[in-house]
file model_2.cif (mmCIF, C-alpha atoms and all ligand atoms)
data_coords
#
loop_
_atom_site.label_atom_id
_atom_site.label_comp_id
_atom_site.auth_asym_id
_atom_site.auth_seq_id
_atom_site.Cartn_x
_atom_site.Cartn_y
_atom_site.Cartn_z
CA MET A 1 -60.83 7.63 -15.75
CA SER A 2 -63.76 8.36 -13.52
CA GLU A 3 -62.96 12.07 -13.70
CA ALA A 4 -64.40 12.20 -17.18
CA VAL A 5 -67.70 10.92 -15.84
CA ARG A 6 -67.71 13.15 -12.83
CA THR A 7 -67.34 16.36 -14.76
CA THR A 8 -70.47 15.70 -16.81
CA LEU A 9 -72.82 18.55 -16.01
CA ARG A 10 -76.47 17.88 -15.43
CA THR A 11 -78.65 20.77 -16.38
CA ASP A 12 -81.93 19.53 -14.97
CA ALA A 13 -83.00 19.58 -11.37
CA GLU A 14 -82.79 15.82 -10.85
CA PRO A 15 -80.62 14.88 -7.92
CA THR A 16 -77.14 13.88 -9.04
CA GLN A 17 -76.00 10.90 -7.08
CA GLU A 18 -73.12 8.44 -6.87
CA THR A 19 -70.76 7.64 -9.68
CA ALA A 20 -69.23 4.19 -9.45
CA PRO A 21 -65.48 3.92 -8.86
CA ALA A 22 -63.52 3.48 -12.08
CA MET A 23 -62.58 -0.12 -11.40
CA ASP A 24 -63.34 -2.72 -8.82
CA ALA A 25 -61.12 -2.09 -5.85
CA GLY A 26 -62.32 -5.20 -4.05
CA PHE A 27 -64.47 -3.29 -1.57
CA LEU A 28 -67.49 -4.84 0.14
CA TRP A 29 -70.39 -2.40 0.00
CA ASP A 30 -73.60 -2.44 2.01
CA PHE A 31 -71.87 -2.71 5.37
CA TRP A 32 -71.09 -0.39 8.26
CA TYR A 33 -67.57 0.99 8.56
CA PRO A 34 -66.06 3.11 11.33
CA ALA A 35 -65.23 6.52 9.85
CA VAL A 36 -63.89 8.62 12.72
CA ARG A 37 -63.83 8.64 16.52
CA SER A 38 -66.92 10.20 18.11
CA SER A 39 -64.76 12.52 20.16
CA GLU A 40 -63.34 14.15 17.03
CA ILE A 41 -66.70 15.65 16.05
CA THR A 42 -67.30 18.56 18.34
CA GLY A 43 -69.16 21.86 18.04
CA GLN A 44 -69.92 23.01 14.52
CA ARG A 45 -66.79 21.52 13.08
CA LEU A 46 -66.98 19.74 9.74
CA LEU A 47 -64.63 16.79 9.55
CA THR A 48 -63.53 14.89 6.46
CA ALA A 49 -62.93 11.16 6.15
CA MET A 50 -62.60 8.69 3.32
CA LEU A 51 -64.18 5.24 3.23
CA LEU A 52 -63.97 2.91 0.24
CA GLU A 53 -62.58 5.81 -1.81
CA VAL A 54 -65.66 7.89 -1.08
CA PRO A 55 -64.84 11.30 0.40
CA LEU A 56 -67.18 12.12 3.28
CA VAL A 57 -67.89 15.16 5.39
CA LEU A 58 -69.08 14.50 8.92
CA GLY A 59 -70.45 16.68 11.64
CA ARG A 60 -72.86 16.89 14.52
CA THR A 61 -76.09 18.87 14.63
CA SER A 62 -76.85 21.15 17.54
CA GLU A 63 -79.11 18.36 18.81
CA GLY A 64 -76.09 16.09 19.03
CA LYS A 65 -76.89 13.82 16.10
CA VAL A 66 -73.97 12.83 13.87
CA PHE A 67 -74.34 12.96 10.10
CA ALA A 68 -72.26 11.91 7.09
CA MET A 69 -72.61 13.41 3.62
CA ARG A 70 -70.61 12.87 0.48
CA ASP A 71 -68.03 15.58 0.49
CA SER A 72 -69.20 16.97 -2.81
CA CYS A 73 -71.78 19.62 -3.55
CA PRO A 74 -74.44 18.29 -5.96
CA HIS A 75 -74.30 21.62 -7.79
CA ARG A 76 -70.72 21.79 -9.04
CA GLY A 77 -68.85 19.32 -6.92
CA ILE A 78 -66.83 21.50 -4.58
CA PRO A 79 -66.28 19.70 -1.25
CA LEU A 80 -69.03 20.63 1.18
CA SER A 81 -66.40 20.49 3.92
CA TYR A 82 -65.22 23.94 2.76
CA GLY A 83 -68.65 25.22 3.68
CA ARG A 84 -70.10 25.70 7.11
CA LEU A 85 -72.55 24.14 9.49
CA ASP A 86 -75.00 26.24 11.46
CA GLY A 87 -76.06 23.38 13.72
CA LYS A 88 -78.71 22.04 11.35
CA VAL A 89 -77.85 22.97 7.78
CA VAL A 90 -74.63 22.68 5.76
CA GLU A 91 -74.01 25.62 3.47
CA CYS A 92 -71.81 25.23 0.41
CA CYS A 93 -68.97 27.76 0.18
CA TYR A 94 -69.38 28.32 -3.59
CA HIS A 95 -72.97 29.48 -4.27
CA GLY A 96 -74.40 29.04 -0.82
CA TRP A 97 -76.80 26.17 -1.51
CA ARG A 98 -78.01 24.92 1.83
CA PHE A 99 -78.60 21.27 2.74
CA GLU A 100 -80.32 19.76 5.74
CA ALA A 101 -77.41 17.92 7.37
CA CYS A 102 -79.07 14.60 8.31
CA THR A 103 -81.06 14.02 5.10
CA GLY A 104 -78.95 15.92 2.56
CA GLN A 105 -82.11 17.60 1.27
CA CYS A 106 -81.61 21.01 -0.29
CA VAL A 107 -83.49 23.71 1.57
CA GLU A 108 -82.32 26.86 -0.19
CA ILE A 109 -80.67 28.07 -3.40
CA PRO A 110 -79.88 31.74 -2.88
CA SER A 111 -79.58 32.59 -6.59
CA LEU A 112 -83.18 31.63 -7.46
CA SER A 113 -85.46 34.48 -8.35
CA GLY A 114 -89.21 34.58 -7.81
CA GLN A 115 -89.74 33.35 -11.39
CA ASP A 116 -87.72 30.15 -11.05
CA LYS A 117 -89.68 26.92 -11.03
CA LEU A 118 -86.85 24.72 -9.77
CA LYS A 119 -88.03 22.37 -7.05
CA VAL A 120 -85.30 22.88 -4.48
CA GLU A 121 -86.58 20.14 -2.19
CA ARG A 122 -86.02 17.54 -4.89
CA ILE A 123 -82.28 18.11 -4.83
CA PHE A 124 -80.23 16.02 -2.42
CA ALA A 125 -76.60 15.99 -1.47
CA GLY A 126 -75.34 12.42 -1.14
CA HIS A 127 -75.69 11.28 2.44
CA CYS A 128 -75.10 8.03 4.30
CA PRO A 129 -76.72 6.47 7.36
CA CYS A 130 -74.60 7.21 10.38
CA GLU A 131 -74.55 5.82 13.95
CA GLU A 132 -72.38 6.26 17.01
CA ARG A 133 -71.27 3.11 18.79
CA ASP A 134 -68.38 2.25 21.14
CA GLY A 135 -66.81 5.66 20.58
CA TYR A 136 -66.87 5.54 16.77
CA VAL A 137 -69.01 7.16 14.14
CA TRP A 138 -70.07 4.31 11.84
CA VAL A 139 -71.17 5.00 8.29
CA TYR A 140 -73.25 2.62 6.20
CA MET A 141 -71.65 2.43 2.76
CA ASN A 142 -74.37 1.72 0.28
CA SER A 143 -73.33 0.30 -3.13
CA PRO A 144 -72.72 3.10 -5.59
CA GLY A 145 -75.72 3.77 -7.78
CA THR A 146 -78.21 1.80 -5.67
CA ARG A 147 -80.97 2.97 -3.37
CA LEU A 148 -80.68 2.48 0.35
CA PRO A 149 -82.61 -0.61 1.44
CA GLU A 150 -85.77 -0.02 3.51
CA THR A 151 -84.13 -1.43 6.60
CA ILE A 152 -80.47 -1.68 7.37
CA PRO A 153 -78.94 -3.69 10.20
CA ALA A 154 -77.73 -1.92 13.35
CA ALA A 155 -74.07 -0.90 13.45
CA PRO A 156 -71.76 -3.43 15.19
CA ALA A 157 -71.42 -3.19 18.97
CA LEU A 158 -68.67 -4.51 21.21
CA THR A 159 -69.87 -7.23 23.60
CA VAL A 160 -69.34 -6.43 27.27
CA PHE A 161 -70.10 -8.71 30.24
CA SER A 162 -70.66 -6.33 33.15
CA GLY A 163 -71.95 -2.83 33.84
CA LYS A 164 -68.62 -1.33 34.85
CA TYR A 165 -65.57 -1.62 32.69
CA THR A 166 -62.59 0.16 31.21
CA ILE A 167 -62.61 0.88 27.49
CA THR A 168 -59.84 2.11 25.23
CA HIS A 169 -59.21 2.70 21.54
CA LEU A 170 -56.15 2.45 19.33
CA SER A 171 -55.73 2.79 15.61
CA CYS A 172 -53.08 2.69 12.92
CA GLU A 173 -52.93 3.02 9.16
CA LEU A 174 -51.54 0.34 6.88
CA PRO A 175 -50.31 1.13 3.35
CA SER A 176 -52.10 -1.98 2.12
CA HIS A 177 -55.00 -3.23 0.11
CA ILE A 178 -57.84 -4.27 2.39
CA ASP A 179 -57.31 -7.98 1.65
CA HIS A 180 -53.71 -7.89 2.86
CA GLY A 181 -54.77 -5.92 5.91
CA ILE A 182 -57.37 -8.52 6.80
CA ILE A 183 -55.39 -11.66 6.17
CA GLY A 184 -52.58 -10.07 8.17
CA LEU A 185 -55.04 -9.62 11.02
CA MET A 186 -56.13 -13.27 11.06
CA ASP A 187 -52.76 -14.80 10.28
CA PRO A 188 -51.81 -17.16 13.13
CA ALA A 189 -48.23 -17.85 12.05
CA HIS A 190 -46.59 -14.42 12.29
CA GLY A 191 -46.84 -14.12 16.08
CA PRO A 192 -43.49 -15.63 17.06
CA PHE A 193 -41.65 -13.55 14.43
CA VAL A 194 -43.42 -10.20 14.37
CA HIS A 195 -44.60 -9.98 17.97
CA GLN A 196 -41.55 -11.15 19.85
CA SER A 197 -41.23 -9.28 23.10
CA TRP A 198 -40.50 -10.03 26.72
CA PHE A 199 -44.08 -9.43 27.82
CA TRP A 200 -45.75 -11.56 25.22
CA ARG A 201 -43.64 -14.39 23.98
CA LYS A 202 -40.27 -15.41 22.70
CA ARG A 203 -39.47 -16.83 19.32
CA GLY A 204 -38.29 -20.06 20.89
CA SER A 205 -41.72 -20.71 22.35
CA ILE A 206 -43.07 -21.76 18.96
CA HIS A 207 -45.02 -24.99 19.26
CA GLU A 208 -47.68 -26.99 17.50
CA LYS A 209 -51.29 -25.91 17.88
CA ALA A 210 -54.54 -27.54 16.94
CA LYS A 211 -57.71 -25.48 17.05
CA TRP A 212 -61.29 -26.11 16.05
CA PHE A 213 -63.04 -23.68 13.76
CA GLU A 214 -66.73 -23.54 12.95
CA PRO A 215 -68.87 -21.63 10.47
CA ILE A 216 -70.94 -18.65 11.66
CA PRO A 217 -73.04 -16.35 9.46
CA ASN A 218 -70.71 -14.39 7.15
CA GLY A 219 -67.66 -15.69 8.97
CA PHE A 220 -65.97 -18.29 11.11
CA ARG A 221 -65.21 -18.84 14.76
CA MET A 222 -62.23 -20.30 16.51
CA SER A 223 -64.24 -22.42 18.92
CA PRO A 224 -63.96 -21.56 22.62
CA HIS A 225 -60.65 -22.90 23.91
CA SER A 226 -57.99 -22.24 26.52
CA PRO A 227 -55.43 -19.81 25.11
CA SER A 228 -51.75 -20.47 24.74
CA ALA A 229 -50.05 -21.24 28.05
CA ASN A 230 -47.03 -19.41 26.61
CA SER A 231 -48.61 -16.03 26.96
CA ALA A 232 -47.91 -14.28 30.24
CA PRO A 233 -51.19 -12.29 30.44
CA TYR A 234 -53.30 -15.45 30.22
CA ARG A 235 -51.20 -17.22 32.82
CA LEU A 236 -51.72 -14.29 35.17
CA LEU A 237 -55.47 -14.26 34.65
CA LYS A 238 -55.78 -17.92 35.45
CA LYS A 239 -53.69 -17.46 38.56
CA ILE A 240 -55.93 -14.68 39.86
CA THR A 241 -59.34 -16.26 39.30
CA GLY A 242 -58.27 -19.85 39.79
CA GLU A 243 -60.62 -20.64 36.92
CA PRO A 244 -59.78 -21.64 33.38
CA VAL A 245 -59.52 -18.95 30.74
CA THR A 246 -61.62 -19.42 27.62
CA THR A 247 -61.11 -17.49 24.45
CA THR A 248 -63.47 -17.19 21.51
CA ILE A 249 -62.29 -15.51 18.35
CA ASP A 250 -64.65 -14.63 15.49
CA PHE A 251 -64.11 -13.18 12.09
CA VAL A 252 -67.08 -11.79 10.19
CA LEU A 253 -67.35 -9.95 6.92
CA PRO A 254 -66.60 -7.38 5.92
CA ASN A 255 -63.70 -6.76 8.30
CA ILE A 256 -64.37 -7.59 11.94
CA ARG A 257 -62.30 -9.73 14.29
CA THR A 258 -63.57 -10.03 17.83
CA GLU A 259 -61.96 -11.79 20.75
CA GLU A 260 -63.60 -12.57 24.07
CA ASP A 261 -61.59 -13.89 26.98
CA ARG A 262 -63.35 -14.97 30.13
CA SER A 263 -62.19 -16.42 33.39
CA GLY A 264 -64.70 -16.56 36.24
CA LYS A 265 -66.14 -13.06 36.66
CA LEU A 266 -63.28 -11.42 34.84
CA TRP A 267 -63.46 -10.68 31.16
CA PHE A 268 -61.71 -8.96 28.31
CA SER A 269 -63.40 -8.18 25.01
CA SER A 270 -61.86 -6.63 21.94
CA ARG A 271 -62.67 -5.84 18.36
CA ALA A 272 -60.38 -5.01 15.50
CA THR A 273 -61.75 -3.75 12.20
CA VAL A 274 -59.68 -3.19 9.09
CA THR A 275 -61.38 -0.52 7.05
CA PRO A 276 -60.55 0.28 3.44
CA VAL A 277 -59.83 3.97 2.99
CA ARG A 278 -58.49 3.66 -0.55
CA ARG A 279 -57.40 0.61 -2.49
CA ASP A 280 -53.84 1.19 -1.28
CA LEU A 281 -54.62 2.28 2.28
CA CYS A 282 -56.53 0.76 5.15
CA ARG A 283 -56.85 1.49 8.84
CA ILE A 284 -57.02 -0.78 11.86
CA ASP A 285 -59.38 0.45 14.57
CA PHE A 286 -58.95 -1.48 17.76
CA VAL A 287 -61.26 -1.15 20.75
CA ALA A 288 -60.94 -3.16 23.94
CA ALA A 289 -63.02 -3.29 27.10
CA TRP A 290 -62.36 -5.24 30.30
CA ASN A 291 -63.10 -5.47 34.01
CA LEU A 292 -59.61 -6.64 34.98
CA PHE A 293 -58.91 -4.43 38.01
CA PHE A 294 -55.17 -4.98 37.73
CA LEU A 295 -54.97 -3.69 34.17
CA PRO A 296 -54.96 0.13 33.86
CA ALA A 297 -55.78 1.52 30.43
CA SER A 298 -52.38 3.28 30.28
CA ILE A 299 -50.48 0.01 30.60
CA PHE A 300 -52.71 -1.75 28.12
CA ARG A 301 -52.30 1.08 25.62
CA MET A 302 -48.55 0.94 25.95
CA PHE A 303 -48.47 -2.75 25.08
CA GLY A 304 -51.21 -2.38 22.48
CA ARG A 305 -49.24 0.31 20.67
CA VAL A 306 -46.15 -1.86 20.53
CA PHE A 307 -48.25 -4.66 19.06
CA LEU A 308 -49.88 -2.50 16.43
CA ARG A 309 -46.59 -0.88 15.51
CA GLN A 310 -45.06 -4.32 14.94
CA ASP A 311 -47.91 -5.18 12.58
CA GLN A 312 -47.76 -1.80 10.89
CA GLN A 313 -44.06 -2.01 10.27
CA THR A 314 -44.48 -5.48 8.78
CA MET A 315 -47.22 -4.24 6.46
CA ILE A 316 -45.07 -1.29 5.35
CA ARG A 317 -42.30 -3.73 4.45
CA GLN A 318 -44.75 -6.06 2.72
CA ALA A 319 -46.14 -3.17 0.65
CA GLU A 320 -42.59 -2.53 -0.55
CA GLY A 321 -42.45 -6.09 -1.90
CA LEU A 322 -45.96 -6.08 -3.30
CA ARG A 323 -45.23 -3.07 -5.50
CA HIS A 324 -43.53 -5.42 -7.92
CA ASN A 325 -46.52 -7.75 -8.23
CA PRO A 326 -44.88 -10.95 -7.02
CA ARG A 327 -46.66 -14.29 -7.11
CA LEU A 328 -47.97 -15.20 -3.67
CA MET A 329 -48.99 -18.42 -1.97
CA LEU A 330 -51.37 -19.45 0.78
CA ILE A 331 -50.44 -22.68 2.52
CA ASP A 332 -52.39 -25.14 4.64
CA ASP A 333 -53.19 -25.04 7.48
CA ALA A 334 -51.69 -21.76 8.64
CA ASP A 335 -53.22 -19.75 5.79
CA ARG A 336 -56.55 -21.58 5.73
CA PRO A 337 -58.34 -18.70 7.52
CA ALA A 338 -57.08 -16.41 4.74
CA LYS A 339 -58.51 -18.80 2.15
CA TRP A 340 -61.83 -18.78 3.99
CA TYR A 341 -61.83 -15.01 3.96
CA PHE A 342 -61.37 -14.89 0.19
CA ALA A 343 -64.05 -17.56 -0.28
CA LEU A 344 -66.50 -15.80 2.03
CA LYS A 345 -66.01 -12.57 0.17
CA ALA A 346 -66.36 -14.12 -3.28
CA ASN A 347 -69.40 -16.16 -2.25
CA LEU A 348 -71.12 -13.16 -0.70
CA ILE A 349 -70.61 -11.11 -3.86
CA GLU A 350 -71.91 -14.02 -5.93
CA SER A 351 -74.99 -14.51 -3.78
CA ARG A 352 -75.78 -10.81 -3.95
CA ARG A 353 -75.43 -10.98 -7.73
CA THR A 354 -77.66 -14.02 -8.22
CA GLY A 355 -79.99 -13.64 -5.26
CA ALA A 356 -79.25 -17.27 -4.31
CA PRO A 357 -78.30 -18.11 -0.70
CA MET A 358 -74.64 -17.61 0.11
CA VAL A 359 -72.51 -20.76 0.00
CA HIS A 360 -70.40 -20.99 3.16
CA PRO A 361 -66.83 -22.23 2.64
CA LEU A 362 -67.04 -24.33 5.85
CA ASN A 363 -69.64 -27.12 5.98
CA GLY A 364 -69.00 -27.81 9.63
CA PRO A 365 -66.33 -27.78 12.33
CA VAL A 366 -62.77 -28.23 11.05
CA MET A 367 -59.55 -28.66 13.00
CA LEU A 368 -56.53 -26.70 11.81
CA ARG A 369 -52.98 -27.47 12.87
CA TRP A 370 -50.02 -25.13 12.67
CA ARG A 371 -46.94 -24.14 14.62
CA SER A 372 -46.74 -20.71 16.20
S1 LIG A 401 -71.00 24.24 -5.94
FE1 LIG A 401 -72.06 24.17 -4.13
S2 LIG A 401 -73.49 25.73 -4.29
FE2 LIG A 401 -72.56 25.75 -6.18
FE FE A 402 -50.05 -9.17 14.36
#

call {"tool": "encode", "arguments": {"input": "model_2.cif", "output": "structure tokens"}}
result
Amino acid sequence: MSEAVRTTLRTDAEPTQETAPAMDAGFLWDFWYPAVRSSEITGQRLLTAMLLEVPLVLGRTSEGKVFAMRDSCPHRGIPLSYGRLDGKVVECCYHGWRFEACTGQCVEIPSLSGQDKLKVERIFAGHCPCEERDGYVWVYMNSPGTRLPETIPAAPALTVFSGKYTITHLSCELPSHIDHGIIGLMDPAHGPFVHQSWFWRKRGSIHEKAKWFEPIPNGFRMSPHSPSANSAPYRLLKKITGEPVTTTIDFVLPNIRTEEDRSGKLWFSSRATVTPVRRDLCRIDFVAAWNLFFLPASIFRMFGRVFLRQDQQTMIRQAEGLRHNPRLMLIDDADRPAKWYFALKANLIESRRTGAPMVHPLNGPVMLRWRS
């Protein structure tokens, strides 16, 4: 499909840039996505990653700045990751073209003779804006075939509520389309079945819930409330501070769920992103920070891993069923957040297409009721 397009040779010196994916994979472009952990990019190592089916090569200059280029040489397409980095310039392994790592600009073509008129500096390797935040390297994925806007928003940052805190990261891959990954993340009804465990909750603790939701830009918020009295960690927190626990949960496009729990001076803040790698693979990156003195990172990670593994195993099983293209349903109210997600996504794409303001699927606060 797209291979036919990609192998077209350009014989002029114009920069060769993006080729659109062969069909719409349901990706949301023009957003930041976490590509790799900051700690993975050390020395002069070139690292590969894939976001939205775009192969990337990442590295760090000798000045410490991270960069992300398309992992494809603009000359004849060999992955630049087979080349090498000298701290400033990436050199292709095939004919030795050299590219300035942060801008992608070509700085040297070794085969040119003194007679050649080719303007080397007009050739660019594809490159993407790149920022480090909360221990991740974020890459701004610009729509294929479009120019980068003049200004792009800052990469997302985890909210913290004090100077000193513990922070930890977990991640896992899901063999799922991004939409299933995301609606799995926001699904309130699977808890008692998927996440049964002695430290969290038992299946028998299922009970009716009613929560207010409100619109926020590009997303929705579960209005601040006191979390389930069934959950042991929240009970403990309340016992220690003697103050009520309030939880605020937000979802914002393209893929971010944040949760902030506060009780007196104590707080816990987390963010989960579900990032599309390919149309059949996505990855959850989970980062949490807190100032709860009684919660060591090792203990949290142990529980967190169990949680993620439960979700991952469920998604692996679901993928098995989805291979046969079954009809699916979304029911009220438990699946209403999933419906909002699909509406937000569709309305954003529509507003980008027409230039008209985005229609928000929520006109105001709504109460949802479900049992979980
Ligand atoms: S393919 Fe990269 S320099 Fe020729
Ligand atoms: Fe879950």

call {"tool": "closest_atom_pairs", "arguments": {"input": "model_2.cif", "of": "chain A", "to": "ligand FE 402 (chain A)", "cutoff": "12 Å", "atoms": "all atoms listed in the file", "output": "JSON lines"}}
result
{"residue": "A:Gly181", "atom": "CA", "partner": "A:FE402", "partner_atom": "FE", "distance": 10.2}
{"residue": "A:Ile182", "atom": "CA", "partner": "A:FE402", "partner_atom": "FE", "distance": 10.5}
{"residue": "A:Ile183", "atom": "CA", "partner": "A:FE402", "partner_atom": "FE", "distance": 10.1}
{"residue": "A:Gly184", "atom": "CA", "partner": "A:FE402", "partner_atom": "FE", "distance": 6.7}
{"residue": "A:Leu185", "atom": "CA", "partner": "A:FE402", "partner_atom": "FE", "distance": 6.0}
{"residue": "A:Met186", "atom": "CA", "partner": "A:FE402", "partner_atom": "FE", "distance": 8.0}
{"residue": "A:Asp187", "atom": "CA", "partner": "A:FE402", "partner_atom": "FE", "distance": 7.5}
{"residue": "A:Pro188", "atom": "CA", "partner": "A:FE402", "partner_atom": "FE", "distance": 8.3}
{"residue": "A:Ala189", "atom": "CA", "partner": "A:FE402", "partner_atom": "FE", "distance": 9.2}
{"residue": "A:His190", "atom": "CA", "partner": "A:FE402", "partner_atom": "FE", "distance": 6.6}
{"residue": "A:Gly191", "atom": "CA", "partner": "A:FE402", "partner_atom": "FE", "distance": 6.1}
{"residue": "A:Pro192", "atom": "CA", "partner": "A:FE402", "partner_atom": "FE", "distance": 9.6}
{"residue": "A:Phe193", "atom": "CA", "partner": "A:FE402", "partner_atom": "FE", "distance": 9.5}
{"residue": "A:Val194", "atom": "CA", "partner": "A:FE402", "partner_atom": "FE", "distance": 6.7}
{"residue": "A:His195", "atom": "CA", "partner": "A:FE402", "partner_atom": "FE", "distance": 6.6}
{"residue": "A:Gln196", "atom": "CA", "partner": "A:FE402", "partner_atom": "FE", "distance": 10.3}
{"residue": "A:Trp200", "atom": "CA", "partner": "A:FE402", "partner_atom": "FE", "distance": 11.9}
{"residue": "A:Ala272", "atom": "CA", "partner": "A:FE402", "partner_atom": "FE", "distance": 11.2}
{"residue": "A:Ile284", "atom": "CA", "partner": "A:FE402", "partner_atom": "FE", "distance": 11.2}
{"residue": "A:Gly304", "atom": "CA", "partner": "A:FE402", "partner_atom": "FE", "distance": 10.6}
{"residue": "A:Arg305", "atom": "CA", "partner": "A:FE402", "partner_atom": "FE", "distance": 11.4}
{"residue": "A:Val306", "atom": "CA", "partner": "A:FE402", "partner_atom": "FE", "distance": 10.3}
{"residue": "A:Phe307", "atom": "CA", "partner": "A:FE402", "partner_atom": "FE", "distance": 6.8}
{"residue": "A:Leu308", "atom": "CA", "partner": "A:FE402", "partner_atom": "FE", "distance": 7.0}
{"residue": "A:Arg309", "atom": "CA", "partner": "A:FE402", "partner_atom": "FE", "distance": 9.1}
{"residue": "A:Gln310", "atom": "CA", "partner": "A:FE402", "partner_atom": "FE", "distance": 7.0}
{"residue": "A:Asp311", "atom": "CA", "partner": "A:FE402", "partner_atom": "FE", "distance": 4.9}
{"residue": "A:Gln312", "atom": "CA", "partner": "A:FE402", "partner_atom": "FE", "distance": 8.5}
{"residue": "A:Gln313", "atom": "CA", "partner": "A:FE402", "partner_atom": "FE", "distance": 10.2}
{"residue": "A:Thr314", "atom": "CA", "partner": "A:FE402", "partner_atom": "FE", "distance": 8.7}
{"residue": "A:Met315", "atom": "CA", "partner": "A:FE402", "partner_atom": "FE", "distance": 9.7}

call {"tool": "write_last_selection", "arguments": {"input": "model_2.cif", "atoms": "C-alpha atoms", "output": "PDB file, in the frame of the given file"}}
result
ATOM      1  CA  GLY A 181     -54.770  -5.920   5.910  1.00  0.00           C
ATOM      2  CA  ILE A 182     -57.370  -8.520   6.800  1.00  0.00           C
ATOM      3  CA  ILE A 183     -55.390 -11.660   6.170  1.00  0.00           C
ATOM      4  CA  GLY A 184     -52.580 -10.070   8.170  1.00  0.00           C
ATOM      5  CA  LEU A 185     -55.040  -9.620  11.020  1.00  0.00           C
ATOM      6  CA  MET A 186     -56.130 -13.270  11.060  1.00  0.00           C
ATOM      7  CA  ASP A 187     -52.760 -14.800  10.280  1.00  0.00           C
ATOM      8  CA  PRO A 188     -51.810 -17.160  13.130  1.00  0.00           C
ATOM      9  CA  ALA A 189     -48.230 -17.850  12.050  1.00  0.00           C
ATOM     10  CA  HIS A 190     -46.590 -14.420  12.290  1.00  0.00           C
ATOM     11  CA  GLY A 191     -46.840 -14.120  16.080  1.00  0.00           C
ATOM     12  CA  PRO A 192     -43.490 -15.630  17.060  1.00  0.00           C
ATOM     13  CA  PHE A 193     -41.650 -13.550  14.430  1.00  0.00           C
ATOM     14  CA  VAL A 194     -43.420 -10.200  14.370  1.00  0.00           C
ATOM     15  CA  HIS A 195     -44.600  -9.980  17.970  1.00  0.00           C
ATOM     16  CA  GLN A 196     -41.550 -11.150  19.850  1.00  0.00           C
ATOM     17  CA  TRP A 200     -45.750 -11.560  25.220  1.00  0.00           C
ATOM     18  CA  ALA A 272     -60.380  -5.010  15.500  1.00  0.00           C
ATOM     19  CA  ILE A 284     -57.020  -0.780  11.860  1.00  0.00           C
ATOM     20  CA  GLY A 304     -51.210  -2.380  22.480  1.00  0.00           C
ATOM     21  CA  ARG A 305     -49.240   0.310  20.670  1.00  0.00           C
ATOM     22  CA  VAL A 306     -46.150  -1.860  20.530  1.00  0.00           C
ATOM     23  CA  PHE A 307     -48.250  -4.660  19.060  1.00  0.00           C
ATOM     24  CA  LEU A 308     -49.880  -2.500  16.430  1.00  0.00           C
ATOM     25  CA  ARG A 309     -46.590  -0.880  15.510  1.00  0.00           C
ATOM     26  CA  GLN A 310     -45.060  -4.320  14.940  1.00  0.00           C
ATOM     27  CA  ASP A 311     -47.910  -5.180  12.580  1.00  0.00           C
ATOM     28  CA  GLN A 312     -47.760  -1.800  10.890  1.00  0.00           C
ATOM     29  CA  GLN A 313     -44.060  -2.010  10.270  1.00  0.00           C
ATOM     30  CA  THR A 314     -44.480  -5.480   8.780  1.00  0.00           C
ATOM     31  CA  MET A 315     -47.220  -4.240   6.460  1.00  0.00           C
TER      32      MET A 315
END

call {"tool": "atom_distance", "arguments": {"input": "model_2.cif", "atom1": "atom CA of A:Ile178", "atom2": "atom CA of A:Val274"}}
result
7.0 Å

call {"tool": "closest_residue", "arguments": {"input": "model_2.cif", "among": "A:Val366, A:Leu56, A:Cys93, A:Ala68", "to": "ligand LIG 401 (chain A)", "atoms": "all atoms listed in the file"}}
result
A:Cys93

call {"tool": "residues_near_point", "arguments": {"input": "model_2.cif", "point": "(-68.2, -17.2, 10.9)", "cutoff": "10 Å", "atoms": "all atoms listed in the file", "output": "VMD selection string"}}
result
chain A and resid 213 to 222 249 to 253 340 to 341 344 360 to 362

call {"tool": "residues_near_point", "arguments": {"input": "model_2.cif", "point": "(-57.8, -14.5, 41.3)", "cutoff": "10 Å", "atoms": "only C-alpha atoms", "output": "PyMOL selection string"}}
result
chain A and resi 236-243+263-266

call {"tool": "closest_residue", "arguments": {"input": "model_2.cif", "among": "A:Gly64, A:Gly26, A:Pro79, A:Pro34", "to": "ligand LIG 401 (chain A)", "atoms": "all atoms listed in the file"}}
result
A:Pro79

call {"tool": "residues_around", "arguments": {"input": "model_2.cif", "residues": "A:Phe27", "least_positions_apart": "3", "cutoff": "9 Å", "atoms": "only C-alpha atoms", "output": "list in words"}}
result
Asp24, Leu52, Ile178, Pro254, Pro276 and Arg279 of chain A

call {"tool": "residues_near_ligand", "arguments": {"input": "model_2.cif", "ligand": "ligand LIG 401 (chain A)", "cutoff": "9 Å", "atoms": "all atoms listed in the file", "output": "tab-separated table (two decimals) with C-alpha atoms, in the coordinates of the input"}}
result
chain	number	residue	atom	x	y	z
A	72	SER	CA	-69.20	16.97	-2.81
A	73	CYS	CA	-71.78	19.62	-3.55
A	74	PRO	CA	-74.44	18.29	-5.96
A	75	HIS	CA	-74.30	21.62	-7.79
A	76	ARG	CA	-70.72	21.79	-9.04
A	77	GLY	CA	-68.85	19.32	-6.92
A	78	ILE	CA	-66.83	21.50	-4.58
A	79	PRO	CA	-66.28	19.70	-1.25
A	80	LEU	CA	-69.03	20.63	1.18
A	83	GLY	CA	-68.65	25.22	3.68
A	91	GLU	CA	-74.01	25.62	3.47
A	92	CYS	CA	-71.81	25.23	0.41
A	93	CYS	CA	-68.97	27.76	0.18
A	94	TYR	CA	-69.38	28.32	-3.59
A	95	HIS	CA	-72.97	29.48	-4.27
A	96	GLY	CA	-74.40	29.04	-0.82
A	97	TRP	CA	-76.80	26.17	-1.51
A	98	ARG	CA	-78.01	24.92	1.83
A	109	ILE	CA	-80.67	28.07	-3.40
A	110	PRO	CA	-79.88	31.74	-2.88

call {"tool": "atom_distance", "arguments": {"input": "model_2.cif", "atom1": "atom CA of A:Thr248", "atom2": "atom CA of A:Glu260"}}
result
5.3 Å
